[in-house]
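Just below is one structure, and these are the notes that go with it.
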There are 2 protein chains.
Amino acid sequence: MSETQTTQNTTHDRALVFEVLNEIGILAQLSGAVMERHLPPGFQTSHFSVLNHLVRLGDERTPLRIARAFQVPKTTMTHTLAGLEKAGLIVFAPNPDDGRSKLVKITEAGRAFRDEAIAKLSPEADKVLAALGGEDLSELRPRLQRLREFLDAERDGKN
Amino acid sequence: MSETQTTQNTTHDRALVFEVLNEIGILAQLSGAVMERHLPPGFQTSHFSVLNHLVRLGDERTPLRIARAFQVPKTTMTHTLAGLEKAGLIVFAPNPDDGRSKLVKITEAGRAFRDEAIAKLSPEADKVLAALGGEDLSELRPRLQRLREFLDAERDGKN
DNA sequence: TGCATAAAGTACGAAATCGTACTACATAAT
DNA sequence: ATTATGTAGTACGATTTCGTACTTTATGCA
C-alpha cells in the first residue's frame, strides 16, 4: 500500500502531489498571517523576509538576485525594496561591476528591525518546536528543498 | 547533534523554523507559478484550487466555509467566487438553513474545467513523483498537516 | 415579543502582485 | 568601432488580496 512503485503513476499518487501543494499554499497563507501580526503596521512578511535574507546571506546583493532567491518577479521585488528603502531599512548603492544594476545594503535600522522581528517571532517559533519537535522539522526541510529544486527547474525561463 | 532536546530551544532551532517557513513561502510561489502556466489565461491558482476543493469534498458549501478551508479572509473568497461565477464555473443558491448565506454549487462547466486542469497538470505531477518519489511526499504530508494545525490554532480569531 | 449581540456576505479603498513594455547599460560578433 | 542581442531595473496598468465598515439575518436573553 505504501510501497514504492516505479511502473506507473496512479491517480492516487497524483492526488498526493496536489494535496501536498495545496497544504503548502495554505501554510504559506497561515504563516504569512501569523508573522504579519508580529510586525509593525504597514510591514509585510515580504519585507521581513528580505531583511532576514540580507542578514543571513549577506547584503550587497542586486535586486534581481534577491528576486530569484524568493522566486518572485523582479517587478515585485522592485516594489518590496522601494518600501524598505522608504522606511530607511535598506539603501541602494551603485554596482561598481555593472552600471545597469544596484546593490542593496541593509542599514543599521534595517538590522535592528530584523532583530526585533526575530525577537517577537521567537516565542511563536518555540511553540512550533514544542508542537512538532525538532525532528519533524529537520526531516521536513530537505524534502521541501528537493521539491523546491524540482519546481525551480520546471520553471524554465520567465521572470 | 540531531538528538531531541527538550530542555531549551536554541537560536539554531528557531532558525530551522524560519527556514522551513521560508521554504514553504518560496514553494507556494513556485507551485502557483507552475500551475498558473497550465491554466487558461485569466485564471488563477485560487480558482482551480476552489473548484478542486468543491469536487473533492463536495459542493453545497458556504463561501465562509471555503474561505476557512483555505485560510483566506472572506473578502478574498468573495472575490475569487465572483470570478468563478462570472465564468460560469459555479452558481450560487440560497441557503435554506440560513438566510444570510449562500451555497456554492459547481456547474458542469466547472467540473469540466477542473478535469481539464487536472489532465494538464498530471504530467507535472508525474514529474514531481519521479523526482521525489512517493515516499517523500507521503512523509511530507502528515508533517505539513501537523504544522498547519498548529498555525491554525495560533491564528486565534480574525477572518 | 423585543432587544442585544453575533455571524454571513458585500462595498469600498488601499496595498501587494505581476505581466508588458520601456530605458539604460553590457556583451558578443563582426 | 559598430552593431546586434541580451540583461538590470523601472513605469504603468490590471488584477489580486485584504482590512474596515456596512447590511441583513440569526440567535440568545430578558
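How things are named: the first chain in the C-alpha cells is A, the next is B, and so on; residues count from 1 in each chain; ligands count from 1 in the order shown.
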
Mind listing as a list of chain:residue names which residues of chain C are within 12 Å of chain B, counting only C-alpha atoms (C1' of nucleotides)?
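Every residue of chain C that passes the 12 Å test is in C:DA7, C:DA8, C:DG9, C:DT10, C:DA11, C:DC12, C:DT17, C:DC18, C:DG19.
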
Next, the residues of the selection above should be written as a JSON list (two decimals), in the first residue's frame with N, CA and C atoms (P, O5', C5', C4', C3', O3' and C1' of nucleotides).
```
[["chain", "number", "residue", "atom", "x", "y", "z"],
["C", 7, "DA", "P", -19.83, 35.07, 16.40],
["C", 7, "DA", "O5'", -20.38, 34.70, 14.96],
["C", 7, "DA", "C5'", -21.52, 33.85, 14.84],
["C", 7, "DA", "C4'", -22.13, 34.04, 13.47],
["C", 7, "DA", "C3'", -21.11, 34.00, 12.33],
["C", 7, "DA", "O3'", -21.55, 33.06, 11.36],
["C", 7, "DA", "C1'", -22.49, 35.91, 12.15],
["C", 8, "DA", "P", -20.65, 32.76, 10.10],
["C", 8, "DA", "O5'", -21.44, 33.49, 8.92],
["C", 8, "DA", "C5'", -22.68, 32.96, 8.48],
["C", 8, "DA", "C4'", -23.09, 33.60, 7.17],
["C", 8, "DA", "C3'", -21.99, 33.59, 6.10],
["C", 8, "DA", "O3'", -22.57, 33.27, 4.84],
["C", 8, "DA", "C1'", -22.62, 35.83, 6.61],
["C", 9, "DG", "P", -21.61, 33.05, 3.57],
["C", 9, "DG", "O5'", -21.59, 34.49, 2.90],
["C", 9, "DG", "C5'", -22.82, 35.00, 2.38],
["C", 9, "DG", "C4'", -22.69, 36.48, 2.11],
["C", 9, "DG", "C3'", -21.59, 36.86, 1.12],
["C", 9, "DG", "O3'", -22.19, 37.25, -0.11],
["C", 9, "DG", "C1'", -21.74, 38.38, 2.98],
["C", 10, "DT", "P", -21.24, 37.78, -1.30],
["C", 10, "DT", "O5'", -21.22, 39.36, -1.06],
["C", 10, "DT", "C5'", -22.46, 40.04, -0.95],
["C", 10, "DT", "C4'", -22.20, 41.53, -0.78],
["C", 10, "DT", "C3'", -21.27, 42.14, -1.82],
["C", 10, "DT", "O3'", -21.85, 43.34, -2.26],
["C", 10, "DT", "C1'", -20.50, 42.63, 0.36],
["C", 11, "DA", "P", -21.36, 44.04, -3.60],
["C", 11, "DA", "O5'", -21.01, 45.53, -3.13],
["C", 11, "DA", "C5'", -21.79, 46.15, -2.11],
["C", 11, "DA", "C4'", -21.12, 47.45, -1.67],
["C", 11, "DA", "C3'", -20.24, 48.11, -2.73],
["C", 11, "DA", "O3'", -20.33, 49.52, -2.58],
["C", 11, "DA", "C1'", -18.90, 47.51, -0.86],
["C", 12, "DC", "P", -19.65, 50.51, -3.64],
["C", 12, "DC", "O5'", -18.31, 50.95, -2.91],
["C", 12, "DC", "C5'", -18.35, 51.32, -1.54],
["C", 12, "DC", "C4'", -16.94, 51.47, -1.00],
["C", 12, "DC", "C3'", -15.91, 51.94, -2.03],
["C", 12, "DC", "O3'", -15.30, 53.13, -1.55],
["C", 12, "DC", "C1'", -15.08, 50.11, -0.77],
["C", 17, "DT", "P", 3.53, 41.17, -2.11],
["C", 17, "DT", "O5'", 3.00, 40.82, -3.56],
["C", 17, "DT", "C5'", 1.85, 40.02, -3.71],
["C", 17, "DT", "C4'", 1.52, 39.89, -5.17],
["C", 17, "DT", "C3'", 2.72, 39.50, -6.06],
["C", 17, "DT", "O3'", 2.40, 38.28, -6.71],
["C", 17, "DT", "C1'", 1.47, 41.26, -7.01],
["C", 18, "DC", "P", 3.53, 37.50, -7.49],
["C", 18, "DC", "O5'", 3.35, 38.06, -8.98],
["C", 18, "DC", "C5'", 2.09, 37.90, -9.63],
["C", 18, "DC", "C4'", 2.09, 38.66, -10.93],
["C", 18, "DC", "C3'", 3.38, 38.50, -11.77],
["C", 18, "DC", "O3'", 3.01, 38.25, -13.09],
["C", 18, "DC", "C1'", 2.80, 40.75, -11.59],
["C", 19, "DG", "P", 3.88, 37.29, -13.99],
["C", 19, "DG", "O5'", 3.39, 37.65, -15.47],
["C", 19, "DG", "C5'", 1.99, 37.81, -15.73],
["C", 19, "DG", "C4'", 1.78, 38.86, -16.80],
["C", 19, "DG", "C3'", 2.81, 38.83, -17.93],
["C", 19, "DG", "O3'", 2.15, 39.02, -19.18],
["C", 19, "DG", "C1'", 2.81, 40.97, -16.88]]
```

May I have a table of the residues of chain A lying at most 8 Å from chain B, giving each one's closest pair of atoms and their distance in Å to one decimal, counting only C-alpha atoms, ordered by chain and ascending residue number, as CSV?
```
residue,atom,partner,partner_atom,distance
A:Ser2,CA,B:Glu135,CA,7.5
A:Glu3,CA,B:Glu135,CA,7.9
A:Thr4,CA,B:Gly134,CA,6.7
A:Asn9,CA,B:Asp126,CA,6.6
A:Asp13,CA,B:Gly134,CA,7.0
A:Arg14,CA,B:Ala125,CA,5.7
A:Leu16,CA,B:Leu137,CA,7.2
A:Val17,CA,B:Ala125,CA,6.1
A:Phe18,CA,B:Ala125,CA,7.6
A:Glu19,CA,B:Arg141,CA,7.7
A:Val20,CA,B:Arg141,CA,5.8
A:Leu21,CA,B:Ser31,CA,7.0
A:Asn22,CA,B:Ser49,CA,7.6
A:Glu23,CA,B:Leu144,CA,6.8
A:Ile24,CA,B:Ala28,CA,6.0
A:Gly25,CA,B:Ala28,CA,5.1
A:Ile26,CA,B:Phe70,CA,5.6
A:Leu27,CA,B:Arg148,CA,5.8
A:Ala28,CA,B:Gly25,CA,5.1
A:Gln29,CA,B:Gln71,CA,6.6
A:Leu30,CA,B:Leu151,CA,6.4
A:Ser31,CA,B:Leu151,CA,6.8
A:Ala33,CA,B:Arg155,CA,7.8
A:Val34,CA,B:Arg155,CA,6.4
A:Ser49,CA,B:Asn22,CA,7.6
A:Phe70,CA,B:Ile26,CA,5.6
A:Gln71,CA,B:Ile26,CA,6.3
A:Val72,CA,B:Gln29,CA,7.1
A:Ser122,CA,B:Arg14,CA,6.8
A:Ala125,CA,B:Arg14,CA,5.7
A:Asp126,CA,B:Asn9,CA,6.6
A:Val128,CA,B:Phe150,CA,7.1
A:Leu129,CA,B:Val17,CA,7.5
A:Ala131,CA,B:Phe150,CA,7.0
A:Leu132,CA,B:Leu147,CA,6.9
A:Gly133,CA,B:Thr4,CA,7.6
A:Gly134,CA,B:Thr4,CA,6.7
A:Glu135,CA,B:Thr4,CA,6.9
A:Asp136,CA,B:Arg143,CA,6.7
A:Leu137,CA,B:Val17,CA,7.2
A:Ser138,CA,B:Leu16,CA,7.5
A:Leu140,CA,B:Leu140,CA,6.5
A:Arg141,CA,B:Val20,CA,5.7
A:Arg143,CA,B:Asp136,CA,6.7
A:Leu144,CA,B:Glu23,CA,6.8
A:Gln145,CA,B:Glu23,CA,7.0
A:Arg146,CA,B:Leu132,CA,7.2
A:Leu147,CA,B:Leu132,CA,6.9
A:Arg148,CA,B:Leu27,CA,5.8
A:Phe150,CA,B:Ala131,CA,7.0
A:Leu151,CA,B:Leu30,CA,6.5
A:Asp152,CA,B:Leu30,CA,7.0
A:Glu154,CA,B:Val34,CA,7.4
A:Arg155,CA,B:Val34,CA,6.4
```

For N, CA and C atoms, I'd like the residues from the last selection saved as a short mmCIF file (atom, residue, chain, number, x, y, z; two decimals), in the first residue's frame.
```
data_model
loop_
_atom_site.label_atom_id
_atom_site.label_comp_id
_atom_site.auth_asym_id
_atom_site.auth_seq_id
_atom_site.Cartn_x
_atom_site.Cartn_y
_atom_site.Cartn_z
N SER A 2 1.91 1.20 0.78
CA SER A 2 2.76 2.37 0.80
C SER A 2 4.12 2.05 0.17
N GLU A 3 4.15 0.97 -0.61
CA GLU A 3 5.39 0.60 -1.27
C GLU A 3 5.72 1.52 -2.43
N THR A 4 6.98 1.58 -2.74
CA THR A 4 7.38 2.32 -3.92
C THR A 4 6.94 1.55 -5.15
N ASN A 9 2.37 5.82 -12.56
CA ASN A 9 1.79 6.69 -11.55
C ASN A 9 0.28 6.62 -11.59
N ASP A 13 -1.61 8.63 -6.63
CA ASP A 13 -0.31 9.26 -6.42
C ASP A 13 -0.37 10.73 -6.77
N ARG A 14 -0.98 10.99 -7.92
CA ARG A 14 -1.05 12.39 -8.35
C ARG A 14 -1.83 13.23 -7.36
N LEU A 16 -1.90 12.91 -4.35
CA LEU A 16 -0.99 13.21 -3.24
C LEU A 16 -0.18 14.47 -3.54
N VAL A 17 0.28 14.58 -4.77
CA VAL A 17 1.03 15.77 -5.16
C VAL A 17 0.17 17.01 -4.97
N PHE A 18 -1.05 16.95 -5.46
CA PHE A 18 -1.93 18.12 -5.34
C PHE A 18 -2.21 18.44 -3.88
N GLU A 19 -2.38 17.39 -3.10
CA GLU A 19 -2.66 17.63 -1.68
C GLU A 19 -1.50 18.32 -1.00
N VAL A 20 -0.32 17.85 -1.30
CA VAL A 20 0.86 18.46 -0.68
C VAL A 20 0.99 19.91 -1.11
N LEU A 21 0.80 20.17 -2.39
CA LEU A 21 0.93 21.54 -2.86
C LEU A 21 -0.18 22.41 -2.27
N ASN A 22 -1.34 21.84 -2.14
CA ASN A 22 -2.45 22.57 -1.52
C ASN A 22 -2.12 22.92 -0.08
N GLU A 23 -1.59 21.93 0.61
CA GLU A 23 -1.21 22.15 2.01
C GLU A 23 -0.15 23.24 2.11
N ILE A 24 0.77 23.24 1.19
CA ILE A 24 1.82 24.25 1.19
C ILE A 24 1.24 25.64 0.97
N GLY A 25 0.29 25.72 0.07
CA GLY A 25 -0.37 27.01 -0.16
C GLY A 25 -1.05 27.53 1.08
N ILE A 26 -1.76 26.65 1.76
CA ILE A 26 -2.47 27.06 2.97
C ILE A 26 -1.49 27.45 4.06
N LEU A 27 -0.41 26.70 4.15
CA LEU A 27 0.61 27.00 5.16
C LEU A 27 1.25 28.35 4.89
N ALA A 28 1.51 28.64 3.64
CA ALA A 28 2.11 29.93 3.31
C ALA A 28 1.16 31.04 3.74
N GLN A 29 -0.10 30.83 3.45
CA GLN A 29 -1.14 31.78 3.84
C GLN A 29 -1.12 32.01 5.35
N LEU A 30 -1.14 30.90 6.07
CA LEU A 30 -1.21 30.96 7.52
C LEU A 30 0.03 31.57 8.13
N SER A 31 1.18 31.13 7.70
CA SER A 31 2.39 31.62 8.35
C SER A 31 2.58 33.09 8.03
N ALA A 33 0.13 35.19 7.71
CA ALA A 33 -0.81 35.92 8.57
C ALA A 33 -0.27 36.00 9.99
N VAL A 34 0.26 34.89 10.49
CA VAL A 34 0.78 34.89 11.86
C VAL A 34 1.98 35.83 11.97
N SER A 49 11.14 39.08 5.31
CA SER A 49 11.88 38.00 4.66
C SER A 49 13.11 38.52 3.93
N PHE A 70 13.76 34.43 -3.94
CA PHE A 70 12.40 34.24 -3.45
C PHE A 70 11.44 33.80 -4.56
N GLN A 71 11.97 33.68 -5.74
CA GLN A 71 11.14 33.21 -6.87
C GLN A 71 9.97 34.13 -7.14
N VAL A 72 10.19 35.41 -6.97
CA VAL A 72 9.14 36.36 -7.33
C VAL A 72 9.61 37.16 -8.55
N SER A 122 10.17 34.81 18.01
CA SER A 122 10.79 33.65 18.66
C SER A 122 9.83 32.84 19.53
N ALA A 125 8.04 30.68 17.27
CA ALA A 125 8.90 29.61 16.77
C ALA A 125 9.06 28.52 17.83
N ASP A 126 9.19 28.96 19.06
CA ASP A 126 9.31 27.97 20.13
C ASP A 126 8.06 27.12 20.25
N VAL A 128 6.11 26.37 17.84
CA VAL A 128 6.14 25.42 16.73
C VAL A 128 7.04 24.25 17.09
N LEU A 129 8.17 24.54 17.66
CA LEU A 129 9.11 23.48 18.05
C LEU A 129 8.48 22.56 19.09
N ALA A 131 5.35 22.03 19.45
CA ALA A 131 4.23 21.30 18.86
C ALA A 131 4.70 20.18 17.94
N LEU A 132 5.74 20.45 17.18
CA LEU A 132 6.17 19.48 16.18
C LEU A 132 7.40 18.70 16.59
N GLY A 133 8.26 19.33 17.35
CA GLY A 133 9.52 18.67 17.65
C GLY A 133 10.52 18.97 16.56
N GLY A 134 11.73 19.13 16.96
CA GLY A 134 12.79 19.48 16.02
C GLY A 134 13.01 18.42 14.95
N GLU A 135 12.73 17.17 15.31
CA GLU A 135 13.00 16.10 14.33
C GLU A 135 12.09 16.25 13.11
N ASP A 136 10.83 16.52 13.39
CA ASP A 136 9.89 16.67 12.29
C ASP A 136 10.34 17.77 11.35
N LEU A 137 10.75 18.88 11.92
CA LEU A 137 11.17 20.00 11.09
C LEU A 137 12.44 19.66 10.33
N SER A 138 13.34 18.98 11.01
CA SER A 138 14.59 18.59 10.36
C SER A 138 14.32 17.72 9.15
N LEU A 140 11.52 17.71 7.52
CA LEU A 140 10.74 18.48 6.56
C LEU A 140 11.64 19.24 5.60
N ARG A 141 12.63 19.87 6.16
CA ARG A 141 13.44 20.80 5.37
C ARG A 141 14.07 20.21 4.10
N ARG A 143 13.30 17.68 2.37
CA ARG A 143 12.30 17.27 1.39
C ARG A 143 11.68 18.48 0.71
N LEU A 144 11.44 19.50 1.48
CA LEU A 144 10.91 20.72 0.88
C LEU A 144 11.92 21.31 -0.10
N GLN A 145 13.18 21.25 0.30
CA GLN A 145 14.20 21.79 -0.59
C GLN A 145 14.27 21.02 -1.90
N ARG A 146 14.15 19.71 -1.80
CA ARG A 146 14.18 18.91 -3.02
C ARG A 146 12.99 19.26 -3.92
N LEU A 147 11.85 19.40 -3.28
CA LEU A 147 10.66 19.77 -4.05
C LEU A 147 10.86 21.14 -4.69
N ARG A 148 11.46 22.02 -3.97
CA ARG A 148 11.70 23.36 -4.50
C ARG A 148 12.65 23.31 -5.68
N PHE A 150 13.13 20.97 -7.70
CA PHE A 150 12.47 20.44 -8.88
C PHE A 150 11.58 21.48 -9.55
N LEU A 151 10.76 22.12 -8.77
CA LEU A 151 9.85 23.12 -9.35
C LEU A 151 10.64 24.27 -9.96
N ASP A 152 11.74 24.58 -9.32
CA ASP A 152 12.68 25.56 -9.84
C ASP A 152 13.04 25.25 -11.29
N GLU A 154 11.55 23.28 -13.25
CA GLU A 154 10.34 23.21 -14.08
C GLU A 154 9.90 24.60 -14.57
N ARG A 155 10.47 25.56 -13.93
CA ARG A 155 10.02 26.92 -14.17
C ARG A 155 10.55 27.50 -15.47
#
```

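Contacts from chain D to chain B at a cut-off of 8 Å (only C-alpha atoms (C1' of nucleotides)) map to DT17, DC18, DT24, DT25 and DA26 of chain D.
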
Enter the distance from atom CA of A:Pro94 to atom CA of A:Leu54, in Å, rounded to one decimal.
17.0 Å
